[in-house]
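Heads up: the structure comes next, in structure tokens.
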Amino acid sequence: MIEAKNISKVFSTKRGTTHVIDNVSFTVKRNEFVVLFGPGQCGKTTLINLLSGLDTPTSGTVMVNDKQVLRPGPERGVVFQAMALFPWLTVRENVAYGLKARGFAKSYWMERSSYYIDLVGLSGFEDAFINKLSGGMKQRVGIARAYCNEPEVLFMDEPFSALDAQTRYLMQEEVMRIWSKEKRTVVFVTNNIEEAVYLADRIILLTNTPAKIKQEYPITLSRPRDYTSFEFLALRDEISKNMDSTL
Amino acid sequence: MKRLPSWAYGVISIFSFLVFWAVGIYFSEIKIVMPGPWQVIIGFLRSFIRPIGRHTMTVHILYSLMRVVPAYIVGSLVGVTLGILMGWYAPVNAFFRPIYELIRPIPPIAWIPISIVWFGIGEGSKWFLIFLAAFVPVTLNSISGAKSVDPLLIKCGEMLGASKNYIFRSIVLPFSVPYIFSGLQVGLAGAWATVVAAEMIRSSEGVGWIIISSMDTNDVTQSLIGIMGIGIVGFLLAIIMRKTEDYLCAWTIREG
């Protein structure tokens, strides 16, 4: 379970201060899939950095399973927009990185990495280097790497924004398939409304900078969802209309 | 027109150079002091059979390599170690940077008198000069390698639960390898070039000695034969280094 209590983030530079996150509080239940949705540049990435411990809030606290988050750690997996894979390692070595780093036996990380490589559909590519893979395959490695470390919660920061539209749809389905098979608490960031409605148990709509919570939308449509169903389109339009415009 | 393979361009380039040289010699008065290309090439090939001074070219090359290789290896090891530590640990950098920056602009030959005082006129002083020639560029490139590590990859390592030591071994080192190799290339060229200067300190063998001794006898052909030897061996060493890099950094080559 994730609990964000009154978190704010102010960046100070020589040219002044920027208020990016303004007093945001929310909770994410165990195995819930929450999408943080908001206009571009509104501070979504900053928010996910605060939740995952990659950055610390100026005020307020983030708790994951009743422990305060102070630094990045293996309990909180992150799938990065920029993927951040290790190009000198093979697919398997990337996926098993966390388990190896934490000193698990080879038989264990071999078995676990095989399981997750298979889960994301990359069987047969275990020994390929990252640069040989397409964008979609790279992000599959990123997802498998985060999963393989067996984190309590998963953060996905616009993981598909660098992919072409076709691959993006495919990856959304893939994430749903993986998540329904391996339930985890997920916080997913996107600025794509269809992606948000397709994936979320609940959408948290953020305002423009400084980001505040504008409204929450529980999404109760049954899965797998149909991008063209009447309910889907109605929700999409309702949320879109409520979103702040970016200048 | 079909494009020629790249080695063909190389052959044409070298051949044109030789023709340009031959024509220049033929039509100018410089032929009084300067031999033509064939004279030098034949002299070079003959030097493998007929000794220059006391040794054949093969032995001269081996003597020079014996001076370059150990000093280059030690200089590279020290350079990589110091450079990576300086690039990654700010206090190490703060401590060593001033002294390194003082040593960096000094050309290896400026150390000749001091090296003789410290290490005598034997192999020691030669090794010292070559050590410096390798150490300086290797250190510089290793520093920039460790400094350029993508901070997101470091965060990613922390996120996955790696310790500081593990991150150093598994991210900082491999990330720096391509930088280290470009330092090793520059260092190798520098070390090999410095052998000429090193062999100016009393020696009676080596490719550098061939050139030094040609100055005493005013033998321009011998000088050019020595230059050719240095050039060809340097070229071969660079190729060996490139192949090693291709093998060790398969993942950077595959990029793009």
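Each chain in the structure tokens gets a letter, A, B and so on, in the order shown; residues start at 1 in every chain, and ligands are counted from 1 in the order they appear.
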
Please tabulate, as a tab-separated table, the residues of chain A that come within 12 Å of chain B, each with its closest pair of atoms and the distance in Å to one decimal, counting only C-alpha atoms and ordering rows by chain, then residue number upward.
residue	atom	partner	partner_atom	distance
A:Asn49	CA	B:Lys155	CA	10.6
A:Ser52	CA	B:Met159	CA	8.3
A:Gly53	CA	B:Met159	CA	8.4
A:Leu54	CA	B:Lys155	CA	7.0
A:Asp55	CA	B:Lys155	CA	10.0
A:Val69	CA	B:Met159	CA	11.9
A:Leu70	CA	B:Met159	CA	11.8
A:Arg71	CA	B:Met159	CA	8.4
A:Pro72	CA	B:Met159	CA	4.7
A:Gly73	CA	B:Met159	CA	4.5
A:Pro74	CA	B:Gly161	CA	4.7
A:Glu75	CA	B:Met159	CA	8.3
A:Arg76	CA	B:Met159	CA	7.0
A:Gly77	CA	B:Met159	CA	6.6
A:Val78	CA	B:Met159	CA	7.2
A:Val79	CA	B:Cys156	CA	9.2
A:Phe80	CA	B:Cys156	CA	8.8
A:Gln81	CA	B:Leu152	CA	10.8
A:Ala82	CA	B:Leu152	CA	8.7
A:Met83	CA	B:Leu152	CA	9.4
A:Ala84	CA	B:Leu153	CA	5.7
A:Leu85	CA	B:Leu153	CA	7.4
A:Phe86	CA	B:Leu153	CA	7.4
A:Pro87	CA	B:Trp251	CA	6.4
A:Trp88	CA	B:Trp251	CA	5.4
A:Leu89	CA	B:Trp251	CA	8.0
A:Thr90	CA	B:Trp251	CA	9.2
A:Glu93	CA	B:Ser170	CA	10.8
A:Asn94	CA	B:Leu160	CA	10.5
A:Val95	CA	B:Leu160	CA	10.2
A:Ala96	CA	B:Leu160	CA	9.7
A:Tyr97	CA	B:Leu160	CA	7.4
A:Gly98	CA	B:Leu160	CA	4.6
A:Leu99	CA	B:Leu160	CA	8.0
A:Lys100	CA	B:Ala162	CA	8.6
A:Ala101	CA	B:Ala162	CA	5.0
A:Arg102	CA	B:Ala162	CA	6.3
A:Gly103	CA	B:Ala162	CA	9.3
A:Phe104	CA	B:Gly161	CA	11.8
A:Ala128	CA	B:Trp251	CA	10.0
A:Phe129	CA	B:Trp251	CA	6.8
A:Ile130	CA	B:Trp251	CA	8.2
A:Asn131	CA	B:Glu255	CA	5.7
A:Lys132	CA	B:Arg254	CA	7.3
A:Leu133	CA	B:Glu255	CA	10.5
A:Ser134	CA	B:Gly256	CA	11.9
A:Gly142	CA	B:Cys156	CA	10.5
A:Arg145	CA	B:Leu160	CA	8.6
A:Ala146	CA	B:Leu160	CA	7.7
A:Tyr147	CA	B:Leu160	CA	10.3
A:Cys148	CA	B:Leu160	CA	9.7
A:Asn149	CA	B:Leu160	CA	6.9
A:Glu150	CA	B:Leu160	CA	9.8
A:Pro151	CA	B:Leu160	CA	9.0
A:Val153	CA	B:Met159	CA	11.9
A:Leu154	CA	B:Met159	CA	11.1
A:Phe155	CA	B:Met159	CA	11.0

Could you pull the residues within 9 Å of Glu195 (chain A), counting only C-alpha atoms, minus those fewer than 3 positions along the same chain, as a list in words? Arg168, Tyr169, Gln172, Thr190, Asn191, Asn192, Tyr198, Leu199 and Ala200 of chain A

Could you write out that same residue set with N, CA and C atoms as a short mmCIF file (atom, residue, chain, number, x, y, z; two decimals), in the first residue's frame?
data_model
loop_
_atom_site.label_atom_id
_atom_site.label_comp_id
_atom_site.auth_asym_id
_atom_site.auth_seq_id
_atom_site.Cartn_x
_atom_site.Cartn_y
_atom_site.Cartn_z
N ARG A 168 2.54 0.95 -29.12
CA ARG A 168 2.01 1.45 -27.87
C ARG A 168 0.73 0.70 -27.47
N TYR A 169 -0.19 0.54 -28.43
CA TYR A 169 -1.41 -0.22 -28.15
C TYR A 169 -1.08 -1.63 -27.71
N GLN A 172 0.20 -1.72 -24.22
CA GLN A 172 -0.85 -1.53 -23.21
C GLN A 172 -1.55 -2.85 -22.92
N THR A 190 0.96 8.75 -17.23
CA THR A 190 0.82 8.96 -18.67
C THR A 190 0.16 10.31 -18.94
N ASN A 191 0.34 10.81 -20.17
CA ASN A 191 -0.44 11.98 -20.58
C ASN A 191 -1.35 11.62 -21.75
N ASN A 192 -1.55 10.31 -21.91
CA ASN A 192 -2.40 9.82 -22.99
C ASN A 192 -3.70 9.30 -22.37
N TYR A 198 -7.77 2.84 -20.47
CA TYR A 198 -7.61 1.41 -20.78
C TYR A 198 -7.01 0.64 -19.60
N LEU A 199 -6.07 1.28 -18.90
CA LEU A 199 -5.30 0.54 -17.90
C LEU A 199 -5.87 0.63 -16.48
N ALA A 200 -6.45 1.78 -16.12
CA ALA A 200 -6.58 2.11 -14.69
C ALA A 200 -7.73 1.44 -13.97
#

Separation of CA of Trp127 (chain B) from CA of Ser182 (chain B), in Å and rounded to one decimal: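 Interatomic distance, CA of Trp127 (chain B) to CA of Ser182 (chain B): 22.0 Å.
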
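When CA of Val189 (chain A) is paired with CA of Phe37 (chain A), their separation reads 6.2 Å.
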
Running DSSP on the backbone, which parts of region 50-150 of chain A land in strand (DSSP E or B), as a PyMOL selection string? chain A and resi 59-64+67-68+76-79+90+129

List as a VMD selection string the protein and nucleic acid residues near region 25-36 of chain B, meaning an atom at most 8 Å away when only C-alpha atoms are counted, but skip any in the same chain fewer than 3 places from it. chain B and resid 21 to 22 39 to 40 220 to 221

File dump, residues just selected, C-alpha atoms, as a PDB file, in the first residue's frame:
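Printed below is selection27.pdb as written:
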ATOM      1  CA  TRP B  21      57.588  11.539 -53.841  1.00  0.00           C
ATOM      2  CA  ALA B  22      59.356   9.902 -56.815  1.00  0.00           C
ATOM      3  CA  GLN B  39      65.680   3.217 -52.455  1.00  0.00           C
ATOM      4  CA  VAL B  40      64.054   3.512 -49.040  1.00  0.00           C
ATOM      5  CA  VAL B 220      69.213  10.222 -44.816  1.00  0.00           C
ATOM      6  CA  THR B 221      68.240   6.847 -46.248  1.00  0.00           C
TER       7      THR B 221
END

Applying 9 Å and only C-alpha atoms, which residues near Leu47 (chain A) remain after dropping the ones on its own chain fewer than 5 positions away? List them as a PyMOL selection string. chain A and resi 7-9+20-21+52+55+57+211

Minimum-distance residue to Met200 (chain B), chosen among B:Thr244, B:Ser13, B:Ser144, B:Ser125 (using only C-alpha atoms): B:Ser125

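Residues surrounding region 217-226 of chain A within 9 Å are Glu173, Met176, Arg177, Val197, Tyr198, Leu199, Ala200, Asp201, Arg202, Ile203, Ile204, Leu205, Gln215, Thr228, Ser229, Phe230, Glu231, Phe232, Leu235 and Ile239 of chain A [only C-alpha atoms; sequence separation below 2 positions excluded].
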
Could you pull out the residues in region 38-148 of chain B that DSSP calls helix (DSSP H, G or I) from the backbone, as a PyMOL selection string? chain B and resi 38-46+57-88+90-103+108-119+123-147
